[in-house]
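Worksheet: one structure, shown below.
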Amino acid sequence: MLISALLKNISPALAALLLVGLLGTTSAQAQRKSTTANADGSLAAPAPGKPIRLQPLFGGLNPTQATQLLGEAQLKAIAASFASTAEASTFFTNKGYEYLRENQLDTATYRFNLAWLLNPQNAEAYRGLGIIASSQPTPDAAIALLSKGFGIAPTSVLLMSDLGASYLIRYGQTKKKKDLTMGLTLLQRATAAEPTNANAWQQLARGLYYQEKYPEAWDAVHKGQNASVSSLDFDLITDLLAKLPDPQGTFK
């Protein structure tokens, strides 16, 4: 599952006062079932059992629709405690990551939704929702959300590695070469920009394994190991050992 690897790269959240009263109440409208977003951003069938506020981007609404649903007065009241809506958005993004680390996915989703609504150009809000979506059976929704964030912040190494890993997961399911190509391109950029990104090295190793470039895959495994032993993917190591002994002799 992608989510466990991505959580290692989440930045520490800001310490600030949470608006408990405001966040604990939502309009009756916000509890209705709604549509969810397809991978291409279009609206799909309603998500059963999920209130709209707990669906990514409020079920695929645009900011105007989501503001009407949540209530413009409530949104203004939330933002009023901050110097700007951008600052408020950053606060709720970091609260989302806090809840994500605690595995409170619904609460995290609502915080990321608020962050997005307060600032639709907040790439980290998309990234947080993409991480949550990575727990779904297919990575389509995660790719769609992460791609939106990456479009806003194309130099973000974390988005590069998250999105690259998601493409590799989809390649593992569909064997479409364009997914493998996209995944490798993003992960190569991520490791070049940040050579200490251990998880990106391990994901890159998986992509190189798919290409049957076993010596290069072993090299990537060891580079990730050198950055962080905890990043090691032992399933990948087992797969690699079946194809080529570890050139360094570390794994047998």
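Here's how to read the names in the structure tokens: chain A, B, ... by the order shown, residue numbers from 1 in each chain, ligand numbers from 1 in the order shown.
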What lies within 8 Å of Ser147 (chain A) using only C-alpha atoms, ignoring chain neighbours under 4 positions off, as a PDB file with N, CA and C atoms, in the first residue's frame?
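Result file is out02.pdb:
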ATOM      1  N   ILE A 143      -3.699   9.210  -8.409  1.00  0.00           N
ATOM      2  CA  ILE A 143      -2.968   9.834  -9.514  1.00  0.00           C
ATOM      3  C   ILE A 143      -3.633  11.144  -9.924  1.00  0.00           C
ATOM      4  N   GLY A 151       0.783  19.789 -10.728  1.00  0.00           N
ATOM      5  CA  GLY A 151       0.608  20.865 -11.694  1.00  0.00           C
ATOM      6  C   GLY A 151       0.803  22.234 -11.070  1.00  0.00           C
ATOM      7  N   LEU A 163       3.712  10.686  -6.851  1.00  0.00           N
ATOM      8  CA  LEU A 163       3.045  10.460  -8.134  1.00  0.00           C
ATOM      9  C   LEU A 163       3.752   9.362  -8.914  1.00  0.00           C
TER      10      LEU A 163
END
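Using only C-alpha atoms, the residues found no farther than 8 Å from Glu124 (chain A), other than those of its own chain fewer than 2 positions away, are A:Thr93, A:Asn122, A:Tyr126, A:Arg127, A:Gly128, A:Gly149.
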What's the 10 Å shell around Gly130 (chain A), counting only C-alpha atoms, without same-chain residues fewer than 5 positions away, as a list in words?
Ile3, Pro56, Thr109, Glu124, Ala125, Ser135, Pro139, Asp140, Ala141, Ala142, Ile143, Ala144, Leu145, Leu146, Ser147, Lys148, Gly149, Leu159, Asp162, Leu163 and Ser166 of chain A
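Shortest atom-to-atom contact with Leu129 (chain A) among A:Ala165, A:Ala108, A:Ala190, A:Leu70: A:Ala108, counting only C-alpha atoms.
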Among the residues of region 52-87 of chain A, find those DSSP assigns to alpha helix (DSSP H) from the backbone and print them as a ChimeraX atom specification.
/A:57-60,63-70,72-79,85-87
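Shortest separation to Phe82 (chain A) among A:Asn197, A:Leu118, A:Ala217, A:Arg206 occurs at residue A:Leu118, atoms counted being only C-alpha atoms.
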Of A:Thr196, A:Thr238, A:Gln55, A:Gln248, the one nearest to Thr107 (chain A) when counting only C-alpha atoms is A:Gln55
Leu184 (chain A) surroundings by only C-alpha atoms, 12 Å radius, close-in-sequence under 4 positions cut, as a ChimeraX atom specification
/A:160-169,171,177-180,188-192,200-211,217
Just the selected residues (C-alpha atoms), exported as a compact mmCIF listing (two decimals), in the first residue's frame, please.
# COMPACT_ATOMS: atom_id res chain seq x y z
CA MET A 160 7.26 13.73 -7.77
CA SER A 161 7.98 10.64 -5.70
CA ASP A 162 4.37 10.11 -4.60
CA LEU A 163 3.04 10.46 -8.13
CA GLY A 164 5.83 8.32 -9.57
CA ALA A 165 5.12 5.57 -7.06
CA SER A 166 1.40 5.73 -7.92
CA TYR A 167 2.12 5.28 -11.61
CA LEU A 168 4.24 2.22 -10.82
CA ILE A 169 1.41 0.76 -8.74
CA TYR A 171 1.64 -0.34 -14.04
CA LYS A 177 4.03 1.00 -20.56
CA LYS A 178 3.11 4.68 -20.38
CA ASP A 179 2.53 4.28 -16.63
CA LEU A 180 5.95 2.68 -16.22
CA GLN A 188 14.47 9.70 -11.53
CA ARG A 189 13.78 13.42 -11.22
CA ALA A 190 12.99 13.03 -7.53
CA THR A 191 16.18 11.15 -6.71
CA ALA A 192 18.27 13.56 -8.78
CA ALA A 200 12.01 7.38 -3.95
CA TRP A 201 15.11 5.21 -4.44
CA GLN A 202 13.21 2.08 -3.42
CA GLN A 203 10.32 2.94 -5.72
CA LEU A 204 12.78 3.62 -8.54
CA ALA A 205 14.33 0.23 -7.87
CA ARG A 206 10.91 -1.36 -8.37
CA GLY A 207 10.51 0.43 -11.70
CA LEU A 208 13.95 -0.71 -12.84
CA TYR A 209 13.02 -4.25 -11.81
CA TYR A 210 9.97 -4.02 -14.03
CA GLN A 211 12.31 -3.03 -16.87
CA ALA A 217 17.68 -1.91 -9.51
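Among A:Arg170, A:Lys95, A:Ala123, A:Asn113, the residue with the shortest atom-to-atom distance to Gly59 (chain A), counting only C-alpha atoms, is A:Asn113.
Residue nearest Asn62 (chain A), chosen from A:Pro137, A:Gln104, A:Pro120, A:Ala83 and counting only C-alpha atoms: A:Pro120.
When only C-alpha atoms are used to compute distances to Tyr214 (chain A), the closest of the residues A:Ala193, A:Ala79, A:Leu114, A:Leu240 turns out to be A:Leu240.
Of note, CA of Leu117 (chain A) and CA of Gln68 (chain A) are spaced 11.0 Å apart.
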Identify, with DSSP run on backbone atoms, the residues in region 25-157 of chain A assigned to strand (DSSP E or B), and express the list as a PyMOL selection string.
chain A and resi 35-37+43-46
For the residues in the current selection, export N, CA and C atoms as a PDB file, in the first residue's frame.
ATOM      1  N   THR A  35     -21.615  13.045  -5.354  1.00  0.00           N
ATOM      2  CA  THR A  35     -20.822  12.339  -6.337  1.00  0.00           C
ATOM      3  C   THR A  35     -19.354  12.376  -5.969  1.00  0.00           C
ATOM      4  N   THR A  36     -18.607  11.435  -6.509  1.00  0.00           N
ATOM      5  CA  THR A  36     -17.160  11.408  -6.335  1.00  0.00           C
ATOM      6  C   THR A  36     -16.514  11.704  -7.661  1.00  0.00           C
ATOM      7  N   ALA A  37     -15.214  11.969  -7.621  1.00  0.00           N
ATOM      8  CA  ALA A  37     -14.507  12.336  -8.843  1.00  0.00           C
ATOM      9  C   ALA A  37     -13.887  11.126  -9.506  1.00  0.00           C
ATOM     10  N   LEU A  43     -17.352  13.860 -12.732  1.00  0.00           N
ATOM     11  CA  LEU A  43     -18.133  13.335 -11.633  1.00  0.00           C
ATOM     12  C   LEU A  43     -18.615  11.925 -11.924  1.00  0.00           C
ATOM     13  N   ALA A  44     -18.556  11.085 -10.902  1.00  0.00           N
ATOM     14  CA  ALA A  44     -18.967   9.689 -11.033  1.00  0.00           C
ATOM     15  C   ALA A  44     -20.218   9.465 -10.203  1.00  0.00           C
ATOM     16  N   ALA A  45     -20.525   8.195  -9.958  1.00  0.00           N
ATOM     17  CA  ALA A  45     -21.711   7.840  -9.187  1.00  0.00           C
ATOM     18  C   ALA A  45     -21.520   8.225  -7.722  1.00  0.00           C
ATOM     19  N   PRO A  46     -22.623   8.396  -6.984  1.00  0.00           N
ATOM     20  CA  PRO A  46     -22.494   8.744  -5.574  1.00  0.00           C
ATOM     21  C   PRO A  46     -21.686   7.707  -4.807  1.00  0.00           C
TER      22      PRO A  46
END
